[in-house]
$ cat protein_12.csv   # CSV, C-alpha atoms and all ligand atoms
chain,number,residue,atom,x,y,z
J,1,MET,CA,-14.2,-37.2,60.1
J,2,PRO,CA,-17.5,-35.5,61.1
J,3,VAL,CA,-20.2,-37.8,62.6
J,4,LEU,CA,-22.6,-37.5,59.6
J,5,SER,CA,-20.0,-38.3,56.9
J,6,ARG,CA,-18.5,-41.1,59.0
J,7,ARG,CA,-21.9,-42.7,59.4
J,8,ALA,CA,-22.7,-42.2,55.7
J,9,PHE,CA,-19.3,-43.8,54.8
J,10,PHE,CA,-20.0,-46.9,56.9
J,11,ALA,CA,-23.6,-47.1,55.6
J,12,SER,CA,-22.4,-47.0,52.0
J,13,THR,CA,-19.6,-49.5,52.7
J,14,LEU,CA,-22.1,-52.0,54.1
J,15,ALA,CA,-24.4,-51.4,51.2
J,16,VAL,CA,-21.6,-51.9,48.7
J,17,THR,CA,-20.9,-55.2,50.3
J,18,ALA,CA,-24.5,-56.2,50.2
J,19,ALA,CA,-24.8,-55.2,46.5
J,20,CYS,CA,-21.6,-57.1,45.6
J,21,ARG,CA,-23.1,-60.2,47.1
J,22,ALA,CA,-26.1,-59.8,44.8
J,23,TRP,CA,-23.8,-60.2,41.8
J,24,PRO,CA,-21.3,-62.8,42.7
J,25,GLY,CA,-18.7,-62.3,40.0
J,26,GLY,CA,-21.3,-62.2,37.3
J,27,ALA,CA,-22.5,-65.7,38.0
J,28,GLN,CA,-25.8,-66.6,36.4
J,29,SER,CA,-28.7,-66.0,38.8
J,30,ARG,CA,-32.4,-66.3,38.2
J,31,THR,CA,-33.2,-64.3,41.3
J,32,THR,CA,-34.6,-60.9,40.6
J,33,ARG,CA,-32.8,-58.2,42.6
J,34,LEU,CA,-33.5,-54.5,43.2
J,35,ILE,CA,-30.6,-52.3,44.0
J,36,LEU,CA,-31.1,-48.7,45.0
J,37,LEU,CA,-28.5,-46.7,43.1
J,38,GLY,CA,-29.5,-43.2,44.4
J,39,THR,CA,-31.9,-42.4,47.2
J,40,GLY,CA,-31.7,-38.6,47.6
J,41,GLY,CA,-34.4,-36.4,46.1
J,42,GLY,CA,-33.6,-33.3,44.1
J,43,PRO,CA,-30.9,-32.4,41.6
J,44,ARG,CA,-28.5,-30.7,44.1
J,45,PRO,CA,-25.4,-33.0,44.3
J,46,ARG,CA,-24.9,-34.2,47.9
J,47,LYS,CA,-22.1,-36.0,49.8
J,48,ALA,CA,-24.2,-38.6,51.4
J,49,SER,CA,-26.6,-39.8,48.7
J,50,SER,CA,-26.7,-40.0,44.9
J,51,ALA,CA,-29.7,-38.7,42.8
J,52,PRO,CA,-32.7,-41.0,42.1
J,53,ALA,CA,-31.9,-44.2,40.2
J,54,GLN,CA,-32.4,-47.9,40.7
J,55,VAL,CA,-31.7,-51.1,38.9
J,56,ILE,CA,-33.7,-54.3,38.7
J,57,VAL,CA,-31.6,-57.2,37.7
J,58,SER,CA,-33.4,-60.3,36.4
J,59,ASN,CA,-31.7,-63.2,34.8
J,60,ASN,CA,-28.5,-61.1,34.7
J,61,VAL,CA,-30.2,-58.4,32.5
J,62,ALA,CA,-30.2,-54.8,33.9
J,63,TYR,CA,-33.3,-52.7,33.8
J,64,VAL,CA,-32.4,-49.2,35.0
J,65,VAL,CA,-35.2,-46.9,36.3
J,66,ASP,CA,-34.3,-43.2,36.3
J,67,CYS,CA,-30.9,-41.8,35.6
J,68,GLY,CA,-30.0,-39.2,38.3
J,69,ASP,CA,-26.5,-37.7,38.3
J,70,GLY,CA,-23.9,-40.4,38.6
J,71,VAL,CA,-26.0,-43.4,37.7
J,72,ALA,CA,-23.3,-45.1,35.6
J,73,ARG,CA,-20.8,-44.9,38.5
J,74,GLN,CA,-23.3,-46.1,41.0
J,75,LEU,CA,-23.9,-49.2,38.8
J,76,VAL,CA,-20.1,-49.8,38.9
J,77,PHE,CA,-20.2,-49.5,42.7
J,78,ALA,CA,-23.1,-51.9,42.8
J,79,GLY,CA,-21.1,-54.4,40.9
J,80,ILE,CA,-23.4,-54.4,37.9
J,81,PRO,CA,-21.5,-54.8,34.6
J,82,LEU,CA,-22.4,-51.8,32.4
J,83,THR,CA,-22.5,-54.2,29.4
J,84,THR,CA,-25.6,-55.8,30.9
J,85,LEU,CA,-27.6,-52.6,30.4
J,86,ARG,CA,-30.6,-53.6,28.3
J,87,HIS,CA,-33.5,-51.2,29.2
J,88,VAL,CA,-33.7,-47.7,30.6
J,89,PHE,CA,-36.9,-46.3,32.0
J,90,ILE,CA,-37.5,-42.7,32.8
J,91,THR,CA,-40.4,-41.9,35.2
J,92,HIS,CA,-40.5,-38.2,34.3
J,93,GLN,CA,-38.5,-35.4,32.9
J,94,HIS,CA,-37.0,-33.8,35.9
J,95,SER,CA,-33.2,-33.4,36.1
J,96,ASP,CA,-32.8,-35.5,39.3
J,97,HIS,CA,-34.3,-38.3,37.3
J,98,ASN,CA,-32.8,-37.8,33.8
J,99,ALA,CA,-29.6,-35.8,34.1
J,100,ASP,CA,-27.4,-38.8,33.3
J,101,TYR,CA,-29.9,-40.6,30.9
J,102,GLY,CA,-27.7,-40.0,27.8
J,103,ASN,CA,-24.5,-40.3,29.8
J,104,LEU,CA,-25.5,-43.8,31.1
J,105,ILE,CA,-25.9,-45.2,27.6
J,106,TRP,CA,-22.9,-43.4,26.2
J,107,LEU,CA,-20.5,-44.4,29.1
J,108,ALA,CA,-21.9,-48.0,29.0
J,109,TRP,CA,-21.0,-48.1,25.3
J,110,ALA,CA,-17.5,-46.7,26.1
J,111,ALA,CA,-17.2,-49.5,28.7
J,112,GLY,CA,-17.9,-52.1,26.0
J,113,LEU,CA,-21.6,-52.3,25.6
J,114,SER,CA,-22.3,-53.4,22.0
J,115,THR,CA,-25.8,-54.6,22.2
J,116,ARG,CA,-29.3,-53.1,21.8
J,117,VAL,CA,-30.7,-50.7,24.5
J,118,ASP,CA,-34.3,-49.7,24.6
J,119,ALA,CA,-35.2,-46.5,26.4
J,120,TRP,CA,-38.7,-45.8,27.6
J,121,GLY,CA,-40.2,-42.6,29.1
J,122,PRO,CA,-42.3,-39.5,28.5
J,123,PRO,CA,-41.7,-37.0,25.7
J,124,PRO,CA,-39.4,-35.4,24.7
J,125,LEU,CA,-37.3,-38.6,25.2
J,126,GLU,CA,-36.7,-39.0,21.4
J,127,LYS,CA,-35.6,-35.4,21.0
J,128,MET,CA,-33.3,-35.6,24.1
J,129,THR,CA,-31.7,-38.8,22.8
J,130,LYS,CA,-31.2,-37.4,19.3
J,131,LEU,CA,-29.7,-34.1,20.5
J,132,PHE,CA,-27.5,-35.9,23.1
J,133,PHE,CA,-25.9,-38.1,20.4
J,134,GLU,CA,-25.5,-35.1,18.2
J,135,MET,CA,-23.9,-33.1,21.0
J,136,ASN,CA,-21.4,-35.9,21.6
J,137,SER,CA,-20.9,-37.0,18.0
J,138,TYR,CA,-17.2,-36.0,18.0
J,139,ASP,CA,-16.3,-38.5,20.7
J,140,ILE,CA,-18.7,-41.2,19.4
J,141,ASP,CA,-17.3,-41.0,15.8
J,142,THR,CA,-13.7,-40.9,17.1
J,143,ARG,CA,-14.1,-44.0,19.2
J,144,ILE,CA,-15.8,-45.8,16.3
J,145,SER,CA,-13.0,-45.0,13.9
J,146,ASN,CA,-10.1,-45.1,16.3
J,147,GLU,CA,-11.1,-47.9,18.7
J,148,GLY,CA,-13.2,-50.1,16.4
J,149,ARG,CA,-16.4,-49.8,18.4
J,150,VAL,CA,-19.8,-50.6,16.9
J,151,PRO,CA,-21.9,-47.5,16.0
J,152,LEU,CA,-23.8,-46.3,19.0
J,153,VAL,CA,-26.8,-44.6,17.6
J,154,PRO,CA,-28.3,-47.7,15.9
J,155,LEU,CA,-28.2,-49.6,19.2
J,156,VAL,CA,-30.6,-47.3,21.0
J,157,HIS,CA,-34.3,-47.6,20.4
J,158,VAL,CA,-36.5,-44.9,22.0
J,159,HIS,CA,-40.1,-45.4,23.0
J,160,GLU,CA,-42.1,-42.4,24.2
J,161,ILE,CA,-44.9,-43.2,26.6
J,162,ARG,CA,-47.9,-41.0,26.9
J,163,ASP,CA,-50.3,-43.1,28.9
J,164,GLY,CA,-50.5,-45.9,31.4
J,165,GLY,CA,-50.7,-49.6,30.5
J,166,THR,CA,-48.4,-52.3,29.4
J,167,VAL,CA,-45.0,-50.9,28.4
J,168,MET,CA,-43.0,-54.0,27.4
J,169,SER,CA,-42.5,-57.6,28.3
J,170,ASP,CA,-39.7,-60.0,27.6
J,171,ASP,CA,-38.5,-63.4,29.0
J,172,ASN,CA,-37.7,-61.9,32.4
J,173,VAL,CA,-40.2,-59.1,33.2
J,174,LYS,CA,-43.5,-57.6,32.3
J,175,VAL,CA,-43.5,-53.8,32.8
J,176,THR,CA,-46.6,-51.8,33.4
J,177,ALA,CA,-46.9,-48.0,33.7
J,178,ALA,CA,-49.4,-45.8,35.6
J,179,LEU,CA,-49.9,-42.1,35.4
J,180,VAL,CA,-49.1,-40.4,38.7
J,181,ASP,CA,-49.6,-36.9,40.0
J,182,HIS,CA,-46.6,-34.7,39.7
J,183,PRO,CA,-47.7,-31.4,38.1
J,184,PRO,CA,-46.5,-29.5,36.3
J,185,VAL,CA,-44.5,-32.4,35.0
J,186,VAL,CA,-47.0,-34.3,32.8
J,187,PRO,CA,-47.0,-37.1,32.1
J,188,ALA,CA,-45.2,-38.6,35.1
J,189,PHE,CA,-45.2,-42.4,35.5
J,190,ALA,CA,-44.8,-45.2,38.1
J,191,TYR,CA,-43.5,-48.5,36.7
J,192,ARG,CA,-44.3,-52.0,37.9
J,193,PHE,CA,-42.0,-55.0,37.1
J,194,ASP,CA,-43.5,-58.4,37.4
J,195,ALA,CA,-40.8,-61.1,37.3
J,196,HIS,CA,-41.1,-64.8,37.7
J,197,ASP,CA,-40.2,-64.6,41.4
J,198,ARG,CA,-41.3,-61.1,42.6
J,199,SER,CA,-43.1,-57.9,41.7
J,200,ILE,CA,-41.4,-54.5,42.2
J,201,VAL,CA,-43.0,-51.1,41.8
J,202,ILE,CA,-41.2,-47.8,41.5
J,203,SER,CA,-43.4,-44.8,42.2
J,204,GLY,CA,-41.5,-42.0,40.5
J,205,ASP,CA,-42.4,-38.6,41.9
J,206,THR,CA,-46.0,-38.2,42.9
J,207,SER,CA,-48.4,-36.8,45.5
J,208,PRO,CA,-50.6,-39.6,47.0
J,209,SER,CA,-51.9,-41.4,43.9
J,210,ASP,CA,-54.9,-43.7,43.5
J,211,ASN,CA,-53.4,-44.9,40.2
J,212,LEU,CA,-50.3,-45.9,42.1
J,213,VAL,CA,-52.4,-47.8,44.6
J,214,LYS,CA,-54.0,-49.8,41.7
J,215,LEU,CA,-50.6,-50.4,40.0
J,216,ALA,CA,-49.0,-51.6,43.2
J,217,ARG,CA,-51.9,-53.9,44.3
J,218,GLY,CA,-50.4,-57.0,46.0
J,219,ALA,CA,-46.8,-56.2,45.0
J,220,ASP,CA,-43.8,-57.6,46.9
J,221,VAL,CA,-41.9,-54.3,47.0
J,222,LEU,CA,-43.1,-50.7,46.6
J,223,VAL,CA,-40.3,-48.1,46.3
J,224,HIS,CA,-42.0,-44.8,47.1
J,225,SER,CA,-40.6,-41.2,46.9
J,226,VAL,CA,-41.1,-39.5,50.2
J,227,MET,CA,-40.7,-36.2,52.0
J,228,TYR,CA,-40.6,-35.3,55.6
J,229,PRO,CA,-42.8,-32.1,55.8
J,230,PRO,CA,-41.6,-30.7,59.1
J,231,ALA,CA,-38.1,-30.5,57.7
J,232,ILE,CA,-39.0,-28.8,54.4
J,233,ASP,CA,-38.6,-25.3,55.9
J,234,ARG,CA,-35.0,-26.0,56.8
J,235,LEU,CA,-34.4,-27.4,53.3
J,236,VAL,CA,-35.8,-24.5,51.4
J,237,ALA,CA,-34.1,-21.9,53.6
J,238,ARG,CA,-30.8,-22.7,51.8
J,239,VAL,CA,-32.1,-21.5,48.4
J,240,PRO,CA,-33.2,-18.2,47.0
J,241,ASN,CA,-36.5,-19.4,45.6
J,242,ALA,CA,-37.6,-20.8,48.9
J,243,ALA,CA,-41.3,-20.0,48.8
J,244,ALA,CA,-42.0,-21.4,45.4
J,245,LEU,CA,-39.8,-24.5,46.0
J,246,LYS,CA,-41.6,-25.2,49.3
J,247,ALA,CA,-45.1,-24.9,47.6
J,248,SER,CA,-43.9,-27.2,44.8
J,249,ILE,CA,-42.5,-29.9,47.1
J,250,LEU,CA,-45.5,-30.0,49.4
J,251,ALA,CA,-48.0,-30.1,46.5
J,252,HIS,CA,-46.2,-32.7,44.3
J,253,GLN,CA,-44.6,-35.2,46.7
J,254,THR,CA,-45.8,-37.7,49.3
J,255,SER,CA,-45.1,-37.6,53.0
J,256,ALA,CA,-43.6,-40.7,54.6
J,257,GLU,CA,-46.9,-41.0,56.5
J,258,ASP,CA,-49.0,-40.9,53.3
J,259,ALA,CA,-46.6,-43.4,51.6
J,260,GLY,CA,-47.5,-45.7,54.4
J,261,ARG,CA,-51.2,-45.2,53.6
J,262,VAL,CA,-50.6,-45.9,49.9
J,263,ALA,CA,-48.6,-49.1,50.8
J,264,GLN,CA,-51.4,-50.2,53.1
J,265,ALA,CA,-54.2,-49.5,50.6
J,266,ALA,CA,-52.2,-51.4,47.9
J,267,GLY,CA,-51.5,-54.3,50.2
J,268,VAL,CA,-47.8,-54.5,49.4
J,269,LYS,CA,-45.5,-56.6,51.5
J,270,MET,CA,-42.6,-54.1,51.7
J,271,LEU,CA,-42.4,-50.3,51.5
J,272,VAL,CA,-39.0,-48.8,50.6
J,273,LEU,CA,-38.7,-45.1,51.3
J,274,SER,CA,-36.5,-43.4,48.7
J,275,HIS,CA,-36.1,-40.1,46.9
J,276,LEU,CA,-35.8,-38.7,50.4
J,277,VAL,CA,-36.6,-35.0,50.7
J,278,PRO,CA,-34.6,-33.8,52.5
J,279,ALA,CA,-31.9,-36.4,52.1
J,280,ASP,CA,-29.3,-34.8,54.3
J,281,ASP,CA,-30.9,-33.3,57.3
J,282,PRO,CA,-29.3,-34.7,60.4
J,283,GLU,CA,-32.4,-33.7,62.5
J,284,VAL,CA,-34.5,-36.2,60.5
J,285,THR,CA,-33.3,-39.6,61.8
J,286,GLU,CA,-33.8,-43.0,60.3
J,287,ARG,CA,-36.2,-43.8,63.2
J,288,MET,CA,-38.3,-40.7,62.3
J,289,TRP,CA,-38.7,-41.7,58.6
J,290,ILE,CA,-39.6,-45.3,59.5
J,291,ASP,CA,-42.0,-44.4,62.3
J,292,ALA,CA,-43.9,-42.0,60.1
J,293,ALA,CA,-44.4,-44.7,57.4
J,294,GLN,CA,-45.2,-47.4,59.9
J,295,SER,CA,-48.0,-45.3,61.5
J,296,HIS,CA,-50.3,-46.4,58.7
J,297,PHE,CA,-48.6,-49.5,57.2
J,298,ARG,CA,-48.4,-52.9,58.8
J,299,GLY,CA,-45.8,-54.4,56.4
J,300,THR,CA,-42.1,-54.1,56.4
J,301,VAL,CA,-40.6,-50.6,56.0
J,302,ILE,CA,-37.1,-50.0,54.8
J,303,LEU,CA,-35.3,-46.6,54.7
J,304,GLY,CA,-33.6,-46.5,51.3
J,305,LYS,CA,-29.8,-46.1,51.2
J,306,ASP,CA,-27.6,-45.9,48.2
J,307,LEU,CA,-26.4,-49.3,46.9
J,308,LEU,CA,-28.8,-51.2,49.2
J,309,SER,CA,-29.7,-54.5,47.6
J,310,ILE,CA,-33.2,-55.7,48.3
R,401,ZN,ZN,-39.8,-34.8,40.0

$ encode --input "protein_12.csv" --output "structure tokens"
Amino acid sequence: MPVLSRRAFFASTLAVTAACRAWPGGAQSRTTRLILLGTGGGPRPRKASSAPAQVIVSNNVAYVVDCGDGVARQLVFAGIPLTTLRHVFITHQHSDHNADYGNLIWLAWAAGLSTRVDAWGPPPLEKMTKLFFEMNSYDIDTRISNEGRVPLVPLVHVHEIRDGGTVMSDDNVKVTAALVDHPPVVPAFAYRFDAHDRSIVISGDTSPSDNLVKLARGADVLVHSVMYPPAIDRLVARVPNAAALKASILAHQTSAEDAGRVAQAAGVKMLVLSHLVPADDPEVTERMWIDAAQSHFRGTVILGKDLLSI
């Protein structure tokens, strides 16, 4: 087994163990947990990391933020019952964040979900949802008539978000959105979850954002998308549209150093580096990511890994 994949295997095995401890056989827990489901940035499927997604579990209710490729399976690996899916939040309409949005809800339903799901995110979320169910109506209708499942479409309630502010609140969490800077994808949001025991902020994709600093003020955990600029040339060298892709990444993402600046300005306790760009460059070590972020941030820095429970 090559060194990289062996290391990735052990890392994911450890993380699976950690995530399973967070959900001890479905026992009731009032502790709010964050599990990173996918930590690699960009839609290209990779061996070592899944596409961006995370779940916040509070009072045994699952709040999924972003739905990169494979999110339903990552939830299974994390030991989160798909039937506990209650809310889905999309930060912005890029395929590494939404490719499995419909699939998550559809497959959770196929796994036994029979209760309401609310989906929140920028337009055209309503159209995407409607067309997704239309595209898959043959399977959905067949399972309703053949397997006695409840109709899926009436379970799903879509809420398009166009501006920052309070998104929703329930017995477990209050969710607030802020507009972040990820042109040309507009609007793009960060979300803050305030639970009874901790506050968790997910940045979505953004260049260094004052709105994000305000949103994350005093939070316990900030999960920030990051890039490592010296490695971007190696990353884009693999694709035909290298020049345009490089310009886009550098203009619309945040370096690990700047993520440290954002975390320091916001006064958060912990910075979690995720949506790593590049996610699979062996020349960018764990130490390099963490050192870059720590050069401007005095709190705890964690390098995100798939299925890490925080
Ligand atoms: Zn994006």

$ residues_near_ligand --input "protein_12.csv" --ligand "ligand ZN 401 (chain R)" --cutoff "9 Å" --atoms "all atoms listed in the file" --output "list in words"
Gly41, Gly42, Thr91, His92, Gln93, His94, Ser95, Asp96, His97, His182, Pro183, Val185, Ala188, Gly204, Asp205, Thr206, His252 and Gln253 of chain J

$ residues_near_point --input "protein_12.csv" --point "(-17.3, -43.6, 37.1)" --cutoff "12 Å" --atoms "all atoms listed in the file" --output "count of residues only"
18

$ atom_distance --input "protein_12.csv" --atom1 "atom CA of Gly121 of chain J" --atom2 "atom CA of Ile161 of chain J"
5.4 Å

$ closest_residue --input "protein_12.csv" --among "J:Met135, J:Val175, J:Gly148, J:Glu126" --to "Ser114 of chain J" --atoms "all atoms listed in the file"
J:Gly148

$ closest_residue --input "protein_12.csv" --among "J:Val262, J:Leu36, J:Leu307, J:Val153" --to "Ile140 of chain J" --atoms "all atoms listed in the file"
J:Val153

$ atom_distance --input "protein_12.csv" --atom1 "atom CA of Val117 of chain J" --atom2 "atom CA of Val64 of chain J"
10.7 Å

$ atom_distance --input "protein_12.csv" --atom1 "atom CA of Ala216 of chain J" --atom2 "atom CA of Ile200 of chain J"
8.2 Å

$ closest_residue --input "protein_12.csv" --among "J:Pro230, J:Gly68, J:Pro81, J:Gly218" --to "Gly38 of chain J" --atoms "all atoms listed in the file"
J:Gly68

$ residues_around --input "protein_12.csv" --residues "Asp306 of chain J" --least-positions-apart "3" --cutoff "7 Å" --atoms "all atoms listed in the file" --output "list in words"
Ser12, Leu36, Leu37, Gly38, Thr39, Ser49 and Ser50 of chain J

$ closest_residue --input "protein_12.csv" --among "J:Lys214, J:Pro240, J:Val277, J:Ala195" --to "Ala177 of chain J" --atoms "all atoms listed in the file"
J:Lys214

$ closest_residue --input "protein_12.csv" --among "J:Ile232, J:Ala259, J:Met128, J:Trp120" --to "Ala247 of chain J" --atoms "all atoms listed in the file"
J:Ile232

$ residues_around --input "protein_12.csv" --residues "Asn172 of chain J" --least-positions-apart "5" --cutoff "10 Å" --atoms "all atoms listed in the file" --output "list in words"
Arg30, Thr32, Val57, Ser58, Asn59, Asn60, Val61, Phe193, Asp194, Ala195, His196 and Asp197 of chain J

$ residues_near_point --input "protein_12.csv" --point "(-18.7, -46.6, 20.9)" --cutoff "7 Å" --atoms "only C-alpha atoms" --output "list in words"
Trp109, Ala110, Ile140, Arg143, Ile144, Arg149, Val150, Pro151 and Leu152 of chain J

$ axis_aligned_box --input "protein_12.csv" --around "segment 119-132 of chain J" --padding-each-side "6 Å" --output "AutoDock Vina command-line options"
--center_x -34.9 --center_y -40.3 --center_z 24.2 --size_x 26.8 --size_y 24.4 --size_z 21.8

$ closest_residue --input "protein_12.csv" --among "J:Asp66, J:Arg198, J:Ala256, J:Pro282" --to "Thr31 of chain J" --atoms "only C-alpha atoms"
J:Arg198

$ residues_around --input "protein_12.csv" --residues "Leu179 of chain J" --least-positions-apart "5" --cutoff "7 Å" --atoms "only C-alpha atoms" --output "CSV table (one decimal) with C-alpha atoms, in the frame of the given file"
chain,number,residue,atom,x,y,z
J,163,ASP,CA,-50.3,-43.1,28.9
J,164,GLY,CA,-50.5,-45.9,31.4
J,187,PRO,CA,-47.0,-37.1,32.1
J,188,ALA,CA,-45.2,-38.6,35.1
J,189,PHE,CA,-45.2,-42.4,35.5
J,190,ALA,CA,-44.8,-45.2,38.1
J,211,ASN,CA,-53.4,-44.9,40.2

$ decode --input "protein_12.csv" --residues "segment 154-176 of chain J" --atoms "N, CA and C atoms" --output "PDB file, in the first residue's frame"
ATOM      1  N   PRO J 154     -44.088  15.599  -0.222  1.00  0.00           N
ATOM      2  CA  PRO J 154     -44.691  16.456   0.823  1.00  0.00           C
ATOM      3  C   PRO J 154     -43.851  16.579   2.092  1.00  0.00           C
ATOM      4  N   LEU J 155     -42.846  15.698   2.257  1.00  0.00           N
ATOM      5  CA  LEU J 155     -42.000  15.779   3.455  1.00  0.00           C
ATOM      6  C   LEU J 155     -41.009  16.938   3.386  1.00  0.00           C
ATOM      7  N   VAL J 156     -40.711  17.380   2.161  1.00  0.00           N
ATOM      8  CA  VAL J 156     -39.577  18.289   1.969  1.00  0.00           C
ATOM      9  C   VAL J 156     -40.062  19.731   1.788  1.00  0.00           C
ATOM     10  N   HIS J 157     -39.591  20.601   2.644  1.00  0.00           N
ATOM     11  CA  HIS J 157     -39.984  22.011   2.623  1.00  0.00           C
ATOM     12  C   HIS J 157     -38.749  22.856   2.323  1.00  0.00           C
ATOM     13  N   VAL J 158     -38.812  23.590   1.233  1.00  0.00           N
ATOM     14  CA  VAL J 158     -37.645  24.336   0.764  1.00  0.00           C
ATOM     15  C   VAL J 158     -37.790  25.817   1.108  1.00  0.00           C
ATOM     16  N   HIS J 159     -36.706  26.390   1.591  1.00  0.00           N
ATOM     17  CA  HIS J 159     -36.691  27.812   1.946  1.00  0.00           C
ATOM     18  C   HIS J 159     -35.493  28.455   1.255  1.00  0.00           C
ATOM     19  N   GLU J 160     -35.754  29.312   0.288  1.00  0.00           N
ATOM     20  CA  GLU J 160     -34.644  29.989  -0.383  1.00  0.00           C
ATOM     21  C   GLU J 160     -34.202  31.192   0.445  1.00  0.00           C
ATOM     22  N   ILE J 161     -32.897  31.344   0.581  1.00  0.00           N
ATOM     23  CA  ILE J 161     -32.326  32.432   1.376  1.00  0.00           C
ATOM     24  C   ILE J 161     -31.623  33.394   0.425  1.00  0.00           C
ATOM     25  N   ARG J 162     -31.951  34.657   0.585  1.00  0.00           N
ATOM     26  CA  ARG J 162     -31.356  35.658  -0.308  1.00  0.00           C
ATOM     27  C   ARG J 162     -30.490  36.668   0.430  1.00  0.00           C
ATOM     28  N   ASP J 163     -30.586  36.672   1.764  1.00  0.00           N
ATOM     29  CA  ASP J 163     -29.844  37.679   2.526  1.00  0.00           C
ATOM     30  C   ASP J 163     -29.442  37.111   3.890  1.00  0.00           C
ATOM     31  N   GLY J 164     -28.542  37.807   4.564  1.00  0.00           N
ATOM     32  CA  GLY J 164     -28.126  37.367   5.894  1.00  0.00           C
ATOM     33  C   GLY J 164     -29.208  37.597   6.928  1.00  0.00           C
ATOM     34  N   GLY J 165     -28.994  37.040   8.135  1.00  0.00           N
ATOM     35  CA  GLY J 165     -29.962  37.203   9.224  1.00  0.00           C
ATOM     36  C   GLY J 165     -30.365  35.855   9.796  1.00  0.00           C
ATOM     37  N   THR J 166     -31.364  35.899  10.675  1.00  0.00           N
ATOM     38  CA  THR J 166     -31.826  34.641  11.282  1.00  0.00           C
ATOM     39  C   THR J 166     -32.464  33.759  10.222  1.00  0.00           C
ATOM     40  N   VAL J 167     -32.058  32.495  10.195  1.00  0.00           N
ATOM     41  CA  VAL J 167     -32.593  31.542   9.223  1.00  0.00           C
ATOM     42  C   VAL J 167     -33.736  30.756   9.847  1.00  0.00           C
ATOM     43  N   MET J 168     -33.477  30.146  10.978  1.00  0.00           N
ATOM     44  CA  MET J 168     -34.491  29.354  11.665  1.00  0.00           C
ATOM     45  C   MET J 168     -34.055  29.145  13.108  1.00  0.00           C
ATOM     46  N   SER J 169     -34.991  28.747  13.950  1.00  0.00           N
ATOM     47  CA  SER J 169     -34.615  28.298  15.281  1.00  0.00           C
ATOM     48  C   SER J 169     -35.620  27.256  15.725  1.00  0.00           C
ATOM     49  N   ASP J 170     -35.143  26.327  16.523  1.00  0.00           N
ATOM     50  CA  ASP J 170     -36.017  25.299  17.083  1.00  0.00           C
ATOM     51  C   ASP J 170     -35.567  25.031  18.520  1.00  0.00           C
ATOM     52  N   ASP J 171     -35.960  23.910  19.080  1.00  0.00           N
ATOM     53  CA  ASP J 171     -35.624  23.644  20.481  1.00  0.00           C
ATOM     54  C   ASP J 171     -34.126  23.424  20.699  1.00  0.00           C
ATOM     55  N   ASN J 172     -33.395  23.128  19.621  1.00  0.00           N
ATOM     56  CA  ASN J 172     -31.984  22.752  19.769  1.00  0.00           C
ATOM     57  C   ASN J 172     -31.002  23.831  19.335  1.00  0.00           C
ATOM     58  N   VAL J 173     -31.318  24.510  18.252  1.00  0.00           N
ATOM     59  CA  VAL J 173     -30.364  25.460  17.683  1.00  0.00           C
ATOM     60  C   VAL J 173     -31.063  26.705  17.152  1.00  0.00           C
ATOM     61  N   LYS J 174     -30.277  27.782  17.137  1.00  0.00           N
ATOM     62  CA  LYS J 174     -30.677  28.967  16.379  1.00  0.00           C
ATOM     63  C   LYS J 174     -29.660  29.109  15.253  1.00  0.00           C
ATOM     64  N   VAL J 175     -30.138  29.275  14.036  1.00  0.00           N
ATOM     65  CA  VAL J 175     -29.233  29.344  12.892  1.00  0.00           C
ATOM     66  C   VAL J 175     -29.299  30.738  12.280  1.00  0.00           C
ATOM     67  N   THR J 176     -28.105  31.328  12.086  1.00  0.00           N
ATOM     68  CA  THR J 176     -27.987  32.659  11.503  1.00  0.00           C
ATOM     69  C   THR J 176     -27.087  32.572  10.280  1.00  0.00           C
TER      70      THR J 176
END
